[in-house]
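Take a look at the structure below.
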2 protein chains.
Amino acid sequence: MLTKAGTDTEIASLMAEIGRQARAASGPLAIASAERKHAALIAMAEALIRRKDEILAANALDIANAEEAGLTSAMLDRLKLDNSRIRAMADGVRAIAELKDPVGEIIAEWDRPNGLHIERVRTPLGVVGVIYESRPNVTADAGALCLKSGNAVILRGGSDSAHSTAVIHAALIEGLKAAGLPEDAIQIVPTTDRAAVGEMLKGLQGNIDVIIPRGGKSLVARVQSEARVPVFAHLEGLCHLYIDGSAGLAMARRIAVNAKMRRTGICGAAETLLVDRAVASTHLVPILEDLHKASCEIRGSAEVQALFPDAKPASEEDWSTEYLDAIISVALVDGVGGAIRHIDRYSSHHTEAIIAEDERAVERFFNEIDSAILLHNASTQFADGGEFGMGAEIGIATGKMHARGPVGVEQLTSFKYRVRGNGQTRP
Amino acid sequence: MLTKAGTDTEIASLMAEIGRQARAASGPLAIASAERKHAALIAMAEALIRRKDEILAANALDIANAEEAGLTSAMLDRLKLDNSRIRAMADGVRAIAELKDPVGEIIAEWDRPNGLHIERVRTPLGVVGVIYESRPNVTADAGALCLKSGNAVILRGGSDSAHSTAVIHAALIEGLKAAGLPEDAIQIVPTTDRAAVGEMLKGLQGNIDVIIPRGGKSLVARVQSEARVPVFAHLEGLCHLYIDGSAGLAMARRIAVNAKMRRTGICGAAETLLVDRAVASTHLVPILEDLHKASCEIRGSAEVQALFPDAKPASEEDWSTEYLDAIISVALVDGVGGAIRHIDRYSSHHTEAIIAEDERAVERFFNEIDSAILLHNASTQFADGGEFGMGAEIGIATGKMHARGPVGVEQLTSFKYRVRGNGQTRP
């Protein structure tokens, strides 16, 4: 393994070769049968279990290095593998194997008056580049999702998890070989040099079709600003929960605590609570008491503080802060129109929810807000490909081109048209 | 109108303001009702007819300038408007008015075991930038298609057609006003300075979501290489027609002449004819005789020349040349596998057709070739949004992200998820 080695020219030429190999592998992969891809994925899951001890040993090395480097306990937790996490990784690959194969699916078909029959059919995108940080399981997830969707993938993991990733990758390659698929379909960048990421963002001379970053905000920001190829990503999940005047209090309380506190570190966690001024006197305090009891810090506007003295003052910055922590900003708004104006101004266009019984308020919220996911009477924490029934997801996108919301196997495909005639010429 | 005026800084600030206005208009446009957009389009068509003399006078000015500048007769023809072309333009806008409104359409919906109901709903993309050359009718087509799909549009036409475009644009604005829609929904860049195009390609500070170039290869190449936002385009339509060993000769002859000669200047015109070596002795000569009689120049490989002495020699360059003229390159191949290998190597991934009775050959052709449009027993000249039943098209895309093939109103949309619950929290 080449690590921290090579001049920029050597890195560029290494990466160009990886790109060419990925493109070459993408051809046979695109026309591989559903059965062959399924067999490869099942073999991968088995190899992950069979190589369990090897993975644990490699992971122990990564953990030792990380402890020496003084990584935070949160980072160590993301890096750490154990028996149950390896089993979960293998189960995840098996679950992807069992998804419906998207390639070749007829998305739409119609007949023309001249007798032509037109089909729009799913095809793979080609080559996907995935750039991630310390979670070693992304290697298996991303490798499996790209294979299922018929795409070659170039994986660039974090240096922290390099040893774990190498063994997981070896298990994936075993699966490819067992099914007679090209080994270059899933490649790992064999250097931790940051110049390699730069090369990927430039697209490896046309040999990467889309980049998917998986990691913290600084990684996503770098990818979004430097990439010269399309990116599926979200920079932030600044999700809003709006309690309309027509909301039932019991439901509003239950969903508010879940949306904020079930897991505070995920992108679908609510960061701002907006309460209709019309029900401030009845709904605001019970909801904030629940959150407070659940150890959530409340940061409120002056009005909110007046009604709930335990709230700290919210500054302008709070409305545009994704805490990813047990903190929530709280404001009163004038009905659904006020909520929409606040969300238009501050949202990251990821996920917003309305709690309401008034169907007209829901319609306005659904029509006028342009975020990837809008929910009515449900928690923002459902913003997840698994919860949407897409099987696994490789991330959530907030852009409007191609993929939006959870990115699963379907979103990793393109399409082509197949037109059947019986001798038609164009007049 | 500002023409050829302004420093680069002035241009940049002018364009930035146009971008902000377009983004501001895109909000109300995205939620405008189908009825209102329909009314605007009908009013536009009426205004085009009402302003017919004004358009003709402006066009006469453009034509006089173009003649003085020594434009070719082909360019003058593209620029020229007359009564029937103005009527066709108005009819085109009316046809777009009558298309189904794509915004708000539910593309997919499903239920989850926990009772959540999920809908994927079409939304506008936001702001489209269209960069085109001398055809003034693109102003009306592109303006109408973007409006129908709920997008604001920034149009940058060629300097040759500036006077015609200005009057057509005024008619579009009349329609917007009549329907109470924001005038900034359809803006024309009021300068012919090339720096303005550069600013559009940079995306006007996030205020252009996609760029669509309409014009010759050098325009598309510049846009594709410089754009920092997504582009829907095709650089070339290097379309192949393959005659399989199982093809009926009569159908092959009819389709070959149509695919090449119906109109030679469109992107769906066939540029290379591939004939299965198995039927070279029976099929090749009659097909080439038909083409030759239709005044098509034949450039053949040595084998083709041996069978058809009127063929000129084809050089390596011919296999990758989009003639857009009455010229065709011709080669013999070993069955459908040989055709696929040739097409993989030289195709621009636009449109390819197979003439065959053998269904297995068709399946291989359809599965293994990754071009936007594949046809069986039909002419490549059907590669067109109108022929596909999409109503009008703004172009044909060969990229694999978001839009592929003909770009009509549906391809100018994105989507969002609407999720309805009754109090669900995530476990």
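Quick note on naming: the chains in the structure tokens go A, B, ... in the order shown, residues restart at 1 in each chain, and ligands are numbered from 1 in order of appearance.
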
Env of Asn422 in chain B: 12 Å cut, atoms = only C-alpha atoms, seq-sep filter 4 positions within chain, self excluded. Answer as a ChimeraX atom specification.
/A:247-248,250-252,254-255,354-357,375-379 /B:114-117

Using only C-alpha atoms, I'd like every residue of chain A that has an atom within 8 Å of chain B; please write them out as a PyMOL selection string.
chain A and resi 31+112+118+125+228+230+251+254-255+258-259+262+366-368+370-379+381-382+388-389+400-405+414-427

List the spatial neighbours of Glu133 in chain B as a list in words - criterion: any atom at most 10 Å away, only C-alpha atoms, same-chain residues fewer than 2 positions off excluded.
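Once the adjacent positions are removed, what remains is Met75, Arg78, Leu79, Ile131, Arg135, Pro136, Val138, Arg156, Gly157, Gly158, Ser159, Asp160, Ser161, Pro213, Arg214, Gly215, Gly216 and Leu219 of chain B.
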
Would you mind exporting the chosen residues as a PDB file, in the first residue's frame, restricted to C-alpha atoms?
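Final output, saved to again_30.pdb:
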```pdb
ATOM      1  CA  MET B  75     -26.802  31.668 -41.301  1.00  0.00           C
ATOM      2  CA  ARG B  78     -31.569  30.637 -39.666  1.00  0.00           C
ATOM      3  CA  LEU B  79     -31.953  34.328 -38.820  1.00  0.00           C
ATOM      4  CA  ILE B 131     -27.349  30.437 -24.473  1.00  0.00           C
ATOM      5  CA  ARG B 135     -32.333  31.522 -34.483  1.00  0.00           C
ATOM      6  CA  PRO B 136     -34.738  34.122 -33.046  1.00  0.00           C
ATOM      7  CA  VAL B 138     -35.436  29.949 -29.681  1.00  0.00           C
ATOM      8  CA  ARG B 156     -28.730  35.058 -24.002  1.00  0.00           C
ATOM      9  CA  GLY B 157     -29.273  35.162 -27.750  1.00  0.00           C
ATOM     10  CA  GLY B 158     -26.822  35.859 -30.522  1.00  0.00           C
ATOM     11  CA  SER B 159     -25.889  39.416 -31.407  1.00  0.00           C
ATOM     12  CA  ASP B 160     -27.024  38.761 -35.002  1.00  0.00           C
ATOM     13  CA  SER B 161     -30.635  38.392 -33.915  1.00  0.00           C
ATOM     14  CA  PRO B 213     -26.668  25.787 -24.983  1.00  0.00           C
ATOM     15  CA  ARG B 214     -28.499  25.822 -28.322  1.00  0.00           C
ATOM     16  CA  GLY B 215     -26.223  26.172 -31.294  1.00  0.00           C
ATOM     17  CA  GLY B 216     -23.159  24.881 -33.092  1.00  0.00           C
ATOM     18  CA  LEU B 219     -20.708  27.100 -28.591  1.00  0.00           C
TER      19      LEU B 219
END
```

Any idea what's packed within 10 Å of Leu147 in chain A, counting only C-alpha atoms, ignoring anything in its chain fewer than 2 positions away? Could you give it as a VMD selection string?
chain A and resid 26 29 to 30 32 37 to 38 40 to 41 96 to 97 124 141 to 145 149 to 153 176 181 185 to 186 409

Rounded to one decimal place, report the CA of Asp244 in chain A-CA of Val336 in chain A distance in Å.
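Those two atoms sit 6.6 Å apart.
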
Going by DSSP on the backbone, which residues of range 94-331 of chain A come out as strand (DSSP E)? List them as number ranges by chain.
A: 106-111, 117-124, 127-132, 152-156, 186-188, 210-214, 239-243, 270-276, 297-300, 312-313, 327-331

Give me the residues near Glu236 in chain B as a list in words, where near means some atom within 10 Å (using only C-alpha atoms) and where sequence neighbours in that chain fewer than 4 positions away do not count.
Gly216, Lys217, Val220, Ala221, Cys267, Gly268, Ser320, Thr321, Glu322, Tyr323, Leu324, Ser347, Ser348, His349, His350, Ala397 and Thr398 of chain B

If you measure from CA of Ala16 in chain A to CA of Arg194 in chain A, what distance in Å do you get, rounded to one decimal?
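We find that CA of Ala16 in chain A and CA of Arg194 in chain A lie 15.0 Å from each other.
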
If I take CA of Ser164 in chain B and CA of Ala66 in chain B, how far is one from the other in Å, to one decimal?
12.4 Å

Would you give me, as a ChimeraX atom specification, the residues in range 66-134 of chain B that DSSP reads as alpha helix (DSSP H)?
/B:66-68,73-79,83-98

Can I get the selected residues back with N, CA and C atoms, as a PDB file, in the first residue's frame?
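Listing of out_11.pdb after writing:
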```pdb
ATOM      1  N   ALA B  66     -26.658  41.608 -40.949  1.00  0.00           N
ATOM      2  CA  ALA B  66     -25.994  40.323 -41.188  1.00  0.00           C
ATOM      3  C   ALA B  66     -25.446  40.261 -42.604  1.00  0.00           C
ATOM      4  N   GLU B  67     -26.220  40.793 -43.572  1.00  0.00           N
ATOM      5  CA  GLU B  67     -25.741  40.795 -44.953  1.00  0.00           C
ATOM      6  C   GLU B  67     -24.486  41.659 -45.074  1.00  0.00           C
ATOM      7  N   GLU B  68     -24.537  42.794 -44.390  1.00  0.00           N
ATOM      8  CA  GLU B  68     -23.380  43.688 -44.399  1.00  0.00           C
ATOM      9  C   GLU B  68     -22.149  42.998 -43.794  1.00  0.00           C
ATOM     10  N   SER B  73     -25.264  32.155 -46.380  1.00  0.00           N
ATOM     11  CA  SER B  73     -26.695  32.063 -46.665  1.00  0.00           C
ATOM     12  C   SER B  73     -27.381  31.132 -45.677  1.00  0.00           C
ATOM     13  N   ALA B  74     -26.644  30.096 -45.185  1.00  0.00           N
ATOM     14  CA  ALA B  74     -27.232  29.208 -44.177  1.00  0.00           C
ATOM     15  C   ALA B  74     -27.534  29.992 -42.891  1.00  0.00           C
ATOM     16  N   MET B  75     -26.598  30.871 -42.513  1.00  0.00           N
ATOM     17  CA  MET B  75     -26.802  31.668 -41.301  1.00  0.00           C
ATOM     18  C   MET B  75     -27.938  32.664 -41.488  1.00  0.00           C
ATOM     19  N   LEU B  76     -27.986  33.264 -42.677  1.00  0.00           N
ATOM     20  CA  LEU B  76     -29.079  34.199 -42.965  1.00  0.00           C
ATOM     21  C   LEU B  76     -30.427  33.478 -42.897  1.00  0.00           C
ATOM     22  N   ASP B  77     -30.455  32.244 -43.387  1.00  0.00           N
ATOM     23  CA  ASP B  77     -31.716  31.500 -43.370  1.00  0.00           C
ATOM     24  C   ASP B  77     -32.166  31.213 -41.941  1.00  0.00           C
ATOM     25  N   ARG B  78     -31.197  30.900 -41.060  1.00  0.00           N
ATOM     26  CA  ARG B  78     -31.569  30.637 -39.666  1.00  0.00           C
ATOM     27  C   ARG B  78     -32.111  31.896 -38.995  1.00  0.00           C
ATOM     28  N   LEU B  79     -31.595  33.042 -39.426  1.00  0.00           N
ATOM     29  CA  LEU B  79     -31.953  34.328 -38.820  1.00  0.00           C
ATOM     30  C   LEU B  79     -33.298  34.854 -39.314  1.00  0.00           C
ATOM     31  N   ASN B  83     -43.851  35.691 -42.321  1.00  0.00           N
ATOM     32  CA  ASN B  83     -45.171  35.474 -41.718  1.00  0.00           C
ATOM     33  C   ASN B  83     -45.365  34.044 -41.243  1.00  0.00           C
ATOM     34  N   SER B  84     -44.942  33.097 -42.066  1.00  0.00           N
ATOM     35  CA  SER B  84     -45.245  31.718 -41.692  1.00  0.00           C
ATOM     36  C   SER B  84     -44.361  31.288 -40.522  1.00  0.00           C
ATOM     37  N   ARG B  85     -43.132  31.768 -40.451  1.00  0.00           N
ATOM     38  CA  ARG B  85     -42.287  31.407 -39.303  1.00  0.00           C
ATOM     39  C   ARG B  85     -42.791  32.044 -38.005  1.00  0.00           C
ATOM     40  N   ILE B  86     -43.348  33.248 -38.118  1.00  0.00           N
ATOM     41  CA  ILE B  86     -43.900  33.876 -36.908  1.00  0.00           C
ATOM     42  C   ILE B  86     -45.146  33.115 -36.453  1.00  0.00           C
ATOM     43  N   ARG B  87     -45.950  32.702 -37.424  1.00  0.00           N
ATOM     44  CA  ARG B  87     -47.139  31.915 -37.068  1.00  0.00           C
ATOM     45  C   ARG B  87     -46.716  30.595 -36.424  1.00  0.00           C
ATOM     46  N   ALA B  88     -45.671  29.967 -36.970  1.00  0.00           N
ATOM     47  CA  ALA B  88     -45.180  28.700 -36.404  1.00  0.00           C
ATOM     48  C   ALA B  88     -44.674  28.906 -34.966  1.00  0.00           C
ATOM     49  N   MET B  89     -44.049  30.062 -34.743  1.00  0.00           N
ATOM     50  CA  MET B  89     -43.535  30.374 -33.403  1.00  0.00           C
ATOM     51  C   MET B  89     -44.698  30.496 -32.421  1.00  0.00           C
ATOM     52  N   ALA B  90     -45.734  31.225 -32.831  1.00  0.00           N
ATOM     53  CA  ALA B  90     -46.915  31.399 -31.966  1.00  0.00           C
ATOM     54  C   ALA B  90     -47.620  30.060 -31.741  1.00  0.00           C
ATOM     55  N   ASP B  91     -47.708  29.242 -32.801  1.00  0.00           N
ATOM     56  CA  ASP B  91     -48.332  27.921 -32.656  1.00  0.00           C
ATOM     57  C   ASP B  91     -47.524  27.050 -31.700  1.00  0.00           C
ATOM     58  N   GLY B  92     -46.200  27.192 -31.768  1.00  0.00           N
ATOM     59  CA  GLY B  92     -45.338  26.428 -30.865  1.00  0.00           C
ATOM     60  C   GLY B  92     -45.608  26.792 -29.413  1.00  0.00           C
ATOM     61  N   VAL B  93     -45.777  28.093 -29.154  1.00  0.00           N
ATOM     62  CA  VAL B  93     -46.060  28.541 -27.790  1.00  0.00           C
ATOM     63  C   VAL B  93     -47.426  28.022 -27.349  1.00  0.00           C
ATOM     64  N   ARG B  94     -48.387  28.038 -28.268  1.00  0.00           N
ATOM     65  CA  ARG B  94     -49.728  27.512 -27.942  1.00  0.00           C
ATOM     66  C   ARG B  94     -49.666  26.017 -27.642  1.00  0.00           C
ATOM     67  N   ALA B  95     -48.857  25.297 -28.402  1.00  0.00           N
ATOM     68  CA  ALA B  95     -48.735  23.842 -28.173  1.00  0.00           C
ATOM     69  C   ALA B  95     -48.142  23.582 -26.788  1.00  0.00           C
ATOM     70  N   ILE B  96     -47.182  24.407 -26.385  1.00  0.00           N
ATOM     71  CA  ILE B  96     -46.586  24.246 -25.055  1.00  0.00           C
ATOM     72  C   ILE B  96     -47.633  24.561 -23.987  1.00  0.00           C
ATOM     73  N   ALA B  97     -48.468  25.580 -24.249  1.00  0.00           N
ATOM     74  CA  ALA B  97     -49.544  25.922 -23.301  1.00  0.00           C
ATOM     75  C   ALA B  97     -50.440  24.714 -23.056  1.00  0.00           C
ATOM     76  N   GLU B  98     -50.670  23.921 -24.107  1.00  0.00           N
ATOM     77  CA  GLU B  98     -51.616  22.802 -23.988  1.00  0.00           C
ATOM     78  C   GLU B  98     -50.993  21.529 -23.414  1.00  0.00           C
TER      79      GLU B  98
END
```

I'd like the contact shell of Arg299 in chain B - 7 Å cut-off, only C-alpha atoms, skipping same-chain residues fewer than 6 positions apart - returned as a ChimeraX atom specification.
/B:311-314,328-330

So that I have them on file, write out the residues from the current selection with N, CA and C atoms, as a PDB file, in the first residue's frame.
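Below is the file that was written, out.pdb:
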```
ATOM      1  N   ALA B 311     -17.532   4.444 -54.063  1.00  0.00           N
ATOM      2  CA  ALA B 311     -17.203   4.946 -52.719  1.00  0.00           C
ATOM      3  C   ALA B 311     -15.807   5.548 -52.713  1.00  0.00           C
ATOM      4  N   LYS B 312     -15.674   6.691 -52.010  1.00  0.00           N
ATOM      5  CA  LYS B 312     -14.341   7.253 -51.765  1.00  0.00           C
ATOM      6  C   LYS B 312     -13.738   6.537 -50.562  1.00  0.00           C
ATOM      7  N   PRO B 313     -12.414   6.611 -50.413  1.00  0.00           N
ATOM      8  CA  PRO B 313     -11.830   5.925 -49.259  1.00  0.00           C
ATOM      9  C   PRO B 313     -12.156   6.662 -47.943  1.00  0.00           C
ATOM     10  N   ALA B 314     -12.529   5.912 -46.927  1.00  0.00           N
ATOM     11  CA  ALA B 314     -12.748   6.496 -45.598  1.00  0.00           C
ATOM     12  C   ALA B 314     -11.439   6.454 -44.824  1.00  0.00           C
ATOM     13  N   ILE B 328     -21.715   9.992 -45.977  1.00  0.00           N
ATOM     14  CA  ILE B 328     -21.852   8.915 -44.986  1.00  0.00           C
ATOM     15  C   ILE B 328     -20.606   8.036 -45.025  1.00  0.00           C
ATOM     16  N   SER B 329     -20.146   7.613 -43.867  1.00  0.00           N
ATOM     17  CA  SER B 329     -19.027   6.667 -43.810  1.00  0.00           C
ATOM     18  C   SER B 329     -19.628   5.269 -43.658  1.00  0.00           C
ATOM     19  N   VAL B 330     -18.997   4.289 -44.293  1.00  0.00           N
ATOM     20  CA  VAL B 330     -19.586   2.947 -44.354  1.00  0.00           C
ATOM     21  C   VAL B 330     -18.519   1.900 -44.054  1.00  0.00           C
TER      22      VAL B 330
END
```

What lies within 10 Å of Lys52 in chain B using only C-alpha atoms, ignoring chain neighbours under 3 positions off, as a list in words?
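My list of contacting residues is Glu46, Ala47, Leu48, Ile49, Ile55, Leu56, Ala57, Ala58, Leu81, Asp82, Asn83, Ile86, Arg87, Val167, Ile168 and Ala171 of chain B.
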
Residues of the last selection are to be written out with C-alpha atoms, as a compact mmCIF listing (two decimals), in the first residue's frame.
```
# COMPACT_ATOMS: atom_id res chain seq x y z
CA GLU B 46 -51.49 36.28 -29.20
CA ALA B 47 -48.92 39.04 -28.59
CA LEU B 48 -46.52 37.43 -31.08
CA ILE B 49 -49.20 37.53 -33.79
CA ILE B 55 -41.08 41.61 -35.43
CA LEU B 56 -40.66 41.66 -39.22
CA ALA B 57 -39.26 45.22 -39.12
CA ALA B 58 -36.77 44.31 -36.38
CA LEU B 81 -38.35 35.44 -40.10
CA ASP B 82 -41.44 35.68 -42.29
CA ASN B 83 -45.17 35.47 -41.72
CA ILE B 86 -43.90 33.88 -36.91
CA ARG B 87 -47.14 31.91 -37.07
CA VAL B 167 -39.43 42.32 -29.90
CA ILE B 168 -40.19 38.62 -29.36
CA ALA B 171 -44.34 39.79 -26.55
```
